[in-house]
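Reproduced below: entry02.cif, with mmCIF, C-alpha atoms.
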data_model
#
loop_
_atom_site.label_atom_id
_atom_site.label_comp_id
_atom_site.auth_asym_id
_atom_site.auth_seq_id
_atom_site.Cartn_x
_atom_site.Cartn_y
_atom_site.Cartn_z
CA MET D 1319 89.42 118.64 106.07
CA ILE D 1320 88.18 119.09 109.64
CA ALA D 1321 91.65 118.51 111.01
CA ALA D 1322 93.30 120.81 108.49
CA THR D 1323 90.95 123.72 109.13
CA TYR D 1324 92.25 124.30 112.63
CA ALA D 1325 95.86 124.43 113.71
CA LEU D 1326 95.66 121.34 115.87
CA GLN D 1327 98.28 120.12 118.25
CA TRP D 1328 98.65 116.61 116.83
CA GLU D 1329 100.08 115.19 120.03
CA LEU D 1330 97.04 116.46 121.94
CA VAL D 1331 94.71 114.82 119.41
CA PHE D 1332 96.62 111.56 119.66
CA VAL D 1333 96.59 111.52 123.46
CA THR D 1334 92.86 112.28 123.50
CA SER D 1335 92.02 109.46 121.12
CA ALA D 1336 94.40 107.05 122.87
CA LEU D 1337 92.82 107.77 126.26
CA LEU D 1338 89.29 107.29 124.87
CA ILE D 1339 90.29 104.05 123.15
CA ILE D 1340 92.22 102.44 126.00
CA VAL D 1341 89.86 103.43 128.83
CA GLY D 1342 86.84 102.31 126.81
CA ALA D 1343 88.44 99.00 125.84
CA ILE D 1344 89.43 98.20 129.42
CA GLY D 1345 85.89 99.11 130.45
CA VAL D 1346 84.42 96.63 127.93
CA ILE D 1347 86.38 93.70 129.33
CA ALA D 1348 86.28 94.73 133.01
CA VAL D 1349 82.73 95.85 133.86
CA LYS D 1350 80.17 93.30 134.98
CA ASN D 1351 76.98 94.75 133.53
CA PRO D 1352 76.61 94.18 129.75
CA VAL D 1353 74.84 97.56 129.33
CA HIS D 1354 77.85 99.35 130.78
CA ALA D 1355 80.12 97.31 128.52
CA ALA D 1356 78.14 98.51 125.48
CA LEU D 1357 78.48 102.13 126.64
CA CYS D 1358 82.25 101.66 127.11
CA LEU D 1359 82.33 100.23 123.57
CA ILE D 1360 80.82 103.50 122.29
CA MET D 1361 83.66 105.37 124.03
CA THR D 1362 86.27 103.28 122.22
CA LEU D 1363 84.50 103.70 118.88
CA ILE D 1364 84.44 107.48 119.28
CA GLY D 1365 88.15 107.41 120.12
CA VAL D 1366 88.82 105.48 116.91
CA ALA D 1367 86.75 108.05 115.01
CA VAL D 1368 88.96 110.82 116.43
CA ALA D 1369 92.03 108.91 115.22
CA PHE D 1370 90.39 108.60 111.77
CA VAL D 1371 89.79 112.35 111.54
CA ALA D 1372 93.36 113.04 112.62
CA GLN D 1373 94.60 110.88 109.72
CA SER D 1374 92.39 112.55 107.10
CA ALA D 1375 89.79 109.81 106.86
CA ASP D 1376 86.75 112.00 107.44
CA PHE D 1377 84.21 109.81 105.65
CA LEU D 1378 85.29 106.75 107.63
CA ALA D 1379 85.00 108.74 110.86
CA ALA D 1380 81.41 109.67 109.95
CA VAL D 1381 80.61 106.06 109.05
CA GLN D 1382 82.23 104.95 112.30
CA ILE D 1383 79.92 107.18 114.34
CA ILE D 1384 76.77 106.47 112.32
CA VAL D 1385 77.14 102.74 111.69
CA TYR D 1386 79.17 101.53 114.66
CA ALA D 1387 78.21 103.83 117.52
CA GLY D 1388 74.75 104.36 116.08
CA ALA D 1389 73.52 101.10 114.63
CA ILE D 1390 75.69 98.28 115.92
CA VAL D 1391 75.81 99.33 119.57
CA VAL D 1392 72.07 100.03 119.51
CA LEU D 1393 71.63 96.50 118.16
CA PHE D 1394 73.73 95.20 121.06
CA LEU D 1395 71.69 97.19 123.58
CA PHE D 1396 68.44 96.03 121.97
CA VAL D 1397 69.47 92.37 122.28
CA ILE D 1398 70.64 92.89 125.89
CA MET D 1399 67.30 94.44 126.83
CA PHE D 1400 65.31 91.94 124.76
CA LEU D 1401 66.93 88.95 126.46
CA GLY D 1402 66.94 90.61 129.87
CA VAL D 1403 70.57 89.65 130.54
CA ASP D 1404 71.48 93.05 131.99
CA ARG D 1405 72.30 91.46 135.32
CA ARG D 1406 75.82 91.20 136.64
CA GLU D 1407 78.05 88.37 135.61
CA HIS D 1408 80.46 86.81 138.10
CA ILE D 1409 83.70 87.66 136.32
CA HIS D 1410 85.97 86.65 139.18
CA PHE D 1411 84.88 83.04 138.92
CA GLU D 1412 87.33 81.14 136.71
CA PRO D 1413 86.07 77.76 135.46
CA LEU D 1414 89.27 76.81 133.62
CA VAL D 1415 92.29 76.84 135.88
CA GLY D 1416 94.95 79.22 134.59
CA GLN D 1417 92.81 80.46 131.70
CA ARG D 1418 93.41 84.09 132.54
CA ALA D 1419 97.17 83.62 132.98
CA PHE D 1420 97.50 81.79 129.66
CA ALA D 1421 95.40 84.43 127.90
CA ALA D 1422 97.55 87.21 129.35
CA LEU D 1423 100.71 85.36 128.29
CA GLY D 1424 99.48 84.84 124.72
CA VAL D 1425 98.35 88.44 124.37
CA ALA D 1426 101.63 89.72 125.82
CA ILE D 1427 103.60 87.61 123.33
CA THR D 1428 101.48 88.86 120.41
CA VAL D 1429 101.59 92.55 121.29
CA GLY D 1430 105.22 92.40 122.44
CA GLY D 1431 106.20 90.65 119.22
CA LEU D 1432 104.47 93.32 117.15
CA ILE D 1433 106.22 96.13 119.01
CA ALA D 1434 109.57 94.32 118.86
CA LEU D 1435 109.17 93.95 115.09
CA MET D 1436 108.45 97.66 114.99
CA ALA D 1437 111.66 98.42 116.89
CA ARG D 1438 113.80 96.20 114.66
CA ALA D 1439 112.53 97.06 111.23
CA HIS D 1440 110.48 99.58 109.35
CA TRP D 1441 106.80 98.67 109.53
CA VAL D 1442 105.80 100.24 106.27
CA SER D 1443 107.23 98.74 103.12
CA GLY D 1444 106.03 98.72 99.54
CA ALA D 1445 105.32 101.19 96.81
CA ALA D 1446 103.52 104.38 97.78
CA SER D 1447 100.34 105.62 96.07
CA VAL D 1448 99.60 102.54 93.97
CA THR D 1449 95.90 103.21 93.40
CA THR D 1450 95.06 106.80 94.23
CA LYS D 1451 97.19 109.35 95.99
CA LEU D 1452 95.87 110.72 99.25
CA ALA D 1453 95.41 114.44 99.26
CA SER D 1454 97.24 115.79 102.27
CA GLY D 1455 95.11 117.72 104.71
CA ASN D 1456 92.04 116.95 102.62
CA GLY D 1457 89.18 114.81 103.80
CA ASN D 1458 89.68 112.42 100.87
CA VAL D 1459 85.93 111.82 100.53
CA ARG D 1460 86.09 112.32 96.76
CA ALA D 1461 89.10 110.03 96.37
CA LEU D 1462 87.47 107.33 98.49
CA GLY D 1463 84.26 107.51 96.48
CA THR D 1464 86.17 107.24 93.23
CA ALA D 1465 88.12 104.22 94.49
CA VAL D 1466 85.05 102.42 95.82
CA PHE D 1467 83.00 102.96 92.66
CA THR D 1468 85.76 102.15 90.16
CA THR D 1469 88.58 99.98 91.48
CA TYR D 1470 86.50 98.18 94.10
CA LEU D 1471 83.15 98.18 92.30
CA PHE D 1472 82.82 94.38 92.30
CA ALA D 1473 83.54 94.18 96.04
CA PHE D 1474 81.06 96.98 96.64
CA GLU D 1475 78.32 95.12 94.76
CA ALA D 1476 79.20 91.94 96.65
CA THR D 1477 78.63 93.72 99.96
CA ALA D 1478 75.05 94.41 98.85
CA ALA D 1479 74.47 90.66 98.45
CA LEU D 1480 76.24 90.02 101.76
CA LEU D 1481 73.98 92.42 103.64
CA ILE D 1482 70.82 90.93 102.12
CA ILE D 1483 71.98 87.41 103.07
CA ALA D 1484 72.84 88.60 106.60
CA VAL D 1485 69.43 90.21 107.11
CA VAL D 1486 67.54 87.16 105.83
CA GLY D 1487 69.73 84.86 107.94
CA ALA D 1488 69.17 86.93 111.07
CA VAL D 1489 65.42 86.91 110.53
CA LEU D 1490 65.42 83.13 110.07
CA LEU D 1491 67.62 82.56 113.13
CA ALA D 1492 65.70 84.80 115.49
CA ARG D 1493 62.25 83.68 114.32
CA ARG D 1494 60.14 81.87 116.87
CA GLU D 1495 59.51 78.23 115.95
CA ARG D 1496 55.93 77.61 114.91
CA PRO D 1497 54.26 74.23 115.48
CA LEU D 1498 53.98 72.33 112.21
CA VAL D 1499 50.40 71.10 112.69
CA ASP D 1500 47.81 73.72 112.00
CA GLU D 1501 45.37 74.65 114.68
CA PRO D 1502 41.85 73.59 113.72
CA VAL D 1503 40.17 76.66 112.38
CA GLU D 1504 36.87 77.33 114.02
CA GLU D 1505 34.06 78.07 111.67
CA VAL D 1506 32.45 81.39 112.22
CA ALA D 1507 28.79 81.28 111.55
CA MET F 799 103.25 117.78 111.23
CA ASN F 800 101.24 114.80 112.34
CA VAL F 801 102.50 112.40 114.98
CA PRO F 802 104.59 109.45 113.71
CA ALA F 803 102.64 106.51 112.31
CA ALA F 804 104.27 104.20 114.85
CA TRP F 805 102.30 105.83 117.67
CA TYR F 806 99.00 104.91 116.06
CA LEU F 807 100.26 101.44 115.19
CA ILE F 808 101.30 100.74 118.78
CA LEU F 809 97.93 102.07 119.98
CA ALA F 810 96.19 99.71 117.56
CA ALA F 811 98.33 96.78 118.76
CA VAL F 812 97.41 97.50 122.38
CA LEU F 813 93.71 97.77 121.48
CA PHE F 814 93.93 94.44 119.64
CA GLY F 815 95.58 92.88 122.70
CA ILE F 816 92.86 94.13 125.05
CA GLY F 817 90.18 92.78 122.72
CA ALA F 818 91.91 89.41 122.41
CA PHE F 819 92.29 89.13 126.19
CA GLY F 820 88.61 89.85 126.71
CA LEU F 821 87.63 87.33 124.02
CA LEU F 822 89.74 84.65 125.69
CA THR F 823 88.58 85.26 129.26
CA ARG F 824 84.95 86.43 129.26
CA ARG F 825 82.19 83.87 128.88
CA SER F 826 79.12 85.91 127.97
CA ALA F 827 78.58 85.64 124.21
CA LEU F 828 77.53 89.30 124.04
CA ILE F 829 80.74 90.54 125.67
CA MET F 830 82.74 88.28 123.36
CA PHE F 831 81.07 89.94 120.37
CA MET F 832 82.01 93.35 121.74
CA CYS F 833 85.62 92.18 122.09
CA ILE F 834 85.58 91.07 118.44
CA GLU F 835 84.42 94.60 117.58
CA LEU F 836 87.39 95.98 119.52
CA MET F 837 89.80 93.79 117.53
CA LEU F 838 88.18 94.79 114.22
CA ASN F 839 88.53 98.45 115.17
CA ALA F 840 92.21 97.95 115.96
CA VAL F 841 92.73 96.50 112.48
CA ASN F 842 90.77 99.38 110.93
CA LEU F 843 92.99 101.87 112.72
CA THR F 844 96.05 100.07 111.36
CA PHE F 845 94.66 100.21 107.82
CA VAL F 846 93.99 103.94 108.04
CA THR F 847 97.45 104.58 109.46
CA PHE F 848 99.10 102.65 106.63
CA ALA F 849 96.92 104.49 104.13
CA ARG F 850 98.27 107.78 105.48
CA THR F 851 101.87 106.55 105.55
CA LEU F 852 101.83 105.15 102.02
CA SER F 853 99.54 107.96 100.81
CA ASP F 854 97.20 105.46 99.17
CA ILE F 855 93.40 105.47 99.31
CA SER F 856 93.12 101.64 99.18
CA GLY F 857 93.59 101.34 102.93
CA GLN F 858 90.56 103.52 103.55
CA ALA F 859 88.50 101.63 100.96
CA ILE F 860 89.29 98.34 102.70
CA VAL F 861 88.23 99.80 106.06
CA PHE F 862 84.88 100.63 104.45
CA PHE F 863 84.41 96.98 103.45
CA VAL F 864 85.55 95.75 106.87
CA MET F 865 82.82 97.90 108.44
CA VAL F 866 80.18 96.35 106.16
CA VAL F 867 81.34 92.83 106.99
CA ALA F 868 81.38 93.68 110.72
CA ALA F 869 77.79 94.91 110.50
CA ALA F 870 76.72 91.67 108.78
CA GLU F 871 78.65 89.61 111.33
CA VAL F 872 77.00 91.34 114.28
CA THR F 873 73.55 90.90 112.74
CA VAL F 874 73.95 87.15 112.25
CA GLY F 875 75.83 86.68 115.51
CA LEU F 876 73.18 88.38 117.61
CA GLY F 877 70.53 86.33 115.79
CA ILE F 878 72.39 83.20 116.92
CA VAL F 879 72.62 84.55 120.49
CA VAL F 880 68.85 85.19 120.56
CA SER F 881 68.19 81.71 119.13
CA VAL F 882 70.47 80.03 121.71
CA PHE F 883 68.95 82.07 124.54
CA ARG F 884 65.46 80.83 123.62
CA ARG F 885 66.54 77.23 124.19
CA ARG F 886 68.64 77.53 127.35
CA SER F 887 67.98 80.92 128.94
CA SER F 888 71.66 81.83 129.14
CA THR F 889 74.25 83.56 127.00
CA SER F 890 77.20 81.83 128.64
CA VAL F 891 79.24 79.94 126.07
CA ASP F 892 80.39 77.44 128.70
CA GLU F 893 76.97 75.83 128.74
CA LEU F 894 77.03 75.01 125.02
CA SER F 895 78.77 71.67 125.45
CA GLU F 896 76.54 69.09 123.75
CA LEU F 897 79.26 68.19 121.26
CA LYS F 898 81.72 67.32 124.00
CA GLY F 899 82.89 63.72 123.46
#
Please express the file's structure as structure tokens.
Amino acid sequence: MIAATYALQWELVFVTSALLIIVGAIGVIAVKNPVHAALCLIMTLIGVAVAFVAQSADFLAAVQIIVYAGAIVVLFLFVIMFLGVDRREHIHFEPLVGQRAFAALGVAITVGGLIALMARAHWVSGAASVTTKLASGNGNVRALGTAVFTTYLFAFEATAALLIIAVVGAVLLARRERPLVDEPVEEVA
Amino acid sequence: MNVPAAWYLILAAVLFGIGAFGLLTRRSALIMFMCIELMLNAVNLTFVTFARTLSDISGQAIVFFVMVVAAAEVTVGLGIVVSVFRRRSSTSVDELSELKG
């Protein structure tokens, strides 16, 4: 809906989001300070949100900003500050010989293979509009809500259980170990 | 008319590659988690692009669930990082080698 309201130059929107995404992602893996890496991650997430808006996924773009850039990155920053690991890491030191070269080779094969598949065949196959048709130029918030609360209701309820389990697990993991023997309680007269 | 879907798919593939490279080469557990987030975002972008191309809302619904699972994963993962840091005062994954034979 946002994208349809204004006569946008789609190429301009794409280039903007691509620049945000790529520069942010390279920043995450290249900077030494973890705090700067988290800030670069926010840049990438906002770029992905721009791409979501451009493809009429307005609700997901809002969730991307609120949950990812808001909650998850703040959680990262909180843990970085809490542990005090915001010092620089020596990223030029390479403990495994050839690790970086092998990683680059594997990534190049994966990405190159994907793009080669794209050049040879059509990426999109299958029947269109199986569940609910996307409204063109619309934000699709209503359609997404209908799909989540009817077709995917069971999965939606399962995510509630998943989140509860994750919160309880995180509390148990991060809890400080208490000594098992009780301290002798001093009597107060 | 919107740009072709292939542009977004190639962008997502490149983002996935950058995330995978960082996951394979960095050694700080926190940075590795951020790289996993990059890869998850690349997959989300692919899902949304396919949803637009096939004109089907399911792709967007799945992205919603991926976001929930990513939030749960980060919560538990950072809990593990805090727990490990308490014992050895480091977040480097190279030092976690007790199980080495």
- Please write the residues picked by the PyMOL selection byres ((chain F) within 7 of (chain D)) on this file as a ChimeraX atom specification. /F:800-801,808-809,811-813,815-816,818-820,822-823,829,843,846-847,850,852-856,859,862,866,869-870,873-874,877-878,880-881
- If you apply the PyMOL selection byres ((chain F and resi 891-893) around 7) to this file, what residues do you get, as a VMD selection string? chain F and resid 825 to 827 889 to 890 894 to 895
Prev. selection, C-alpha atoms, output as a PDB file, in the coordinates of the input:
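Written out: again.pdb:
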ATOM      1  CA  ARG F 825      82.190  83.870 128.880  1.00  0.00           C
ATOM      2  CA  SER F 826      79.120  85.910 127.970  1.00  0.00           C
ATOM      3  CA  ALA F 827      78.580  85.640 124.210  1.00  0.00           C
ATOM      4  CA  THR F 889      74.250  83.560 127.000  1.00  0.00           C
ATOM      5  CA  SER F 890      77.200  81.830 128.640  1.00  0.00           C
ATOM      6  CA  LEU F 894      77.030  75.010 125.020  1.00  0.00           C
ATOM      7  CA  SER F 895      78.770  71.670 125.450  1.00  0.00           C
TER       8      SER F 895
END
- Reference answer for the PyMOL selection byres ((chain F and resi 833) around 7), as a list in words: Gly817, Ala818, Gly820, Leu821, Ile829, Met830, Phe831, Met832, Ile834, Glu835, Leu836 and Met837 of chain F
- Coordinates-based distance that separates atom CA of F:Met865 from atom CA of D:Thr1468 (Å, one decimal): 19.0 Å
Return the padded bounding box of stretch 1336-1345 of chain D as lines of an AutoDock Vina configuration file: axis-aligned, built from all atoms listed in the file, 8 Å added on each side, with centre and edge lengths in Å to one decimal.
center_x = 90.1
center_y = 103.0
center_z = 126.7
size_x = 24.5
size_y = 25.6
size_z = 23.6
- Message: Just the number, please: distance in Å from atom CA of F:Ile860 to atom CA of F:Asn842, one decimal.
- Response: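 Distance reported for this atom pair: 8.4 Å.
Coordinates place atom CA of F:Leu828 at a distance of 11.2 Å from atom CA of F:Phe883.
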Step by step: locate stretch 862-877 of chain F in the block above, keep N, CA and C atoms, then write the file as a PDB file, in the first residue's frame.
ATOM      1  N   PHE F 862       6.706 -15.029   8.249  1.00  0.00           N
ATOM      2  CA  PHE F 862       6.266 -14.687   9.609  1.00  0.00           C
ATOM      3  C   PHE F 862       6.734 -15.745  10.606  1.00  0.00           C
ATOM      4  N   PHE F 863       6.545 -17.029  10.248  1.00  0.00           N
ATOM      5  CA  PHE F 863       6.966 -18.095  11.168  1.00  0.00           C
ATOM      6  C   PHE F 863       8.488 -18.173  11.277  1.00  0.00           C
ATOM      7  N   VAL F 864       9.187 -17.925  10.162  1.00  0.00           N
ATOM      8  CA  VAL F 864      10.655 -17.923  10.219  1.00  0.00           C
ATOM      9  C   VAL F 864      11.144 -16.858  11.185  1.00  0.00           C
ATOM     10  N   MET F 865      10.470 -15.694  11.191  1.00  0.00           N
ATOM     11  CA  MET F 865      10.882 -14.626  12.118  1.00  0.00           C
ATOM     12  C   MET F 865      10.691 -15.060  13.566  1.00  0.00           C
ATOM     13  N   VAL F 866       9.575 -15.759  13.851  1.00  0.00           N
ATOM     14  CA  VAL F 866       9.340 -16.213  15.229  1.00  0.00           C
ATOM     15  C   VAL F 866      10.418 -17.199  15.639  1.00  0.00           C
ATOM     16  N   VAL F 867      10.733 -18.152  14.748  1.00  0.00           N
ATOM     17  CA  VAL F 867      11.741 -19.150  15.077  1.00  0.00           C
ATOM     18  C   VAL F 867      13.110 -18.481  15.245  1.00  0.00           C
ATOM     19  N   ALA F 868      13.406 -17.464  14.421  1.00  0.00           N
ATOM     20  CA  ALA F 868      14.688 -16.765  14.555  1.00  0.00           C
ATOM     21  C   ALA F 868      14.774 -16.068  15.902  1.00  0.00           C
ATOM     22  N   ALA F 869      13.657 -15.470  16.344  1.00  0.00           N
ATOM     23  CA  ALA F 869      13.677 -14.807  17.650  1.00  0.00           C
ATOM     24  C   ALA F 869      13.950 -15.816  18.757  1.00  0.00           C
ATOM     25  N   ALA F 870      13.290 -16.987  18.697  1.00  0.00           N
ATOM     26  CA  ALA F 870      13.516 -18.018  19.710  1.00  0.00           C
ATOM     27  C   ALA F 870      14.957 -18.506  19.671  1.00  0.00           C
ATOM     28  N   GLU F 871      15.484 -18.668  18.452  1.00  0.00           N
ATOM     29  CA  GLU F 871      16.848 -19.161  18.303  1.00  0.00           C
ATOM     30  C   GLU F 871      17.856 -18.181  18.901  1.00  0.00           C
ATOM     31  N   VAL F 872      17.654 -16.893  18.645  1.00  0.00           N
ATOM     32  CA  VAL F 872      18.586 -15.904  19.192  1.00  0.00           C
ATOM     33  C   VAL F 872      18.510 -15.883  20.712  1.00  0.00           C
ATOM     34  N   THR F 873      17.284 -16.007  21.261  1.00  0.00           N
ATOM     35  CA  THR F 873      17.146 -15.984  22.717  1.00  0.00           C
ATOM     36  C   THR F 873      17.933 -17.114  23.358  1.00  0.00           C
ATOM     37  N   VAL F 874      17.719 -18.345  22.849  1.00  0.00           N
ATOM     38  CA  VAL F 874      18.410 -19.493  23.443  1.00  0.00           C
ATOM     39  C   VAL F 874      19.904 -19.421  23.157  1.00  0.00           C
ATOM     40  N   GLY F 875      20.267 -19.014  21.936  1.00  0.00           N
ATOM     41  CA  GLY F 875      21.677 -18.964  21.576  1.00  0.00           C
ATOM     42  C   GLY F 875      22.448 -17.974  22.429  1.00  0.00           C
ATOM     43  N   LEU F 876      21.872 -16.793  22.657  1.00  0.00           N
ATOM     44  CA  LEU F 876      22.585 -15.823  23.484  1.00  0.00           C
ATOM     45  C   LEU F 876      22.624 -16.276  24.941  1.00  0.00           C
ATOM     46  N   GLY F 877      21.604 -17.032  25.382  1.00  0.00           N
ATOM     47  CA  GLY F 877      21.677 -17.628  26.722  1.00  0.00           C
ATOM     48  C   GLY F 877      22.858 -18.575  26.833  1.00  0.00           C
TER      49      GLY F 877
END
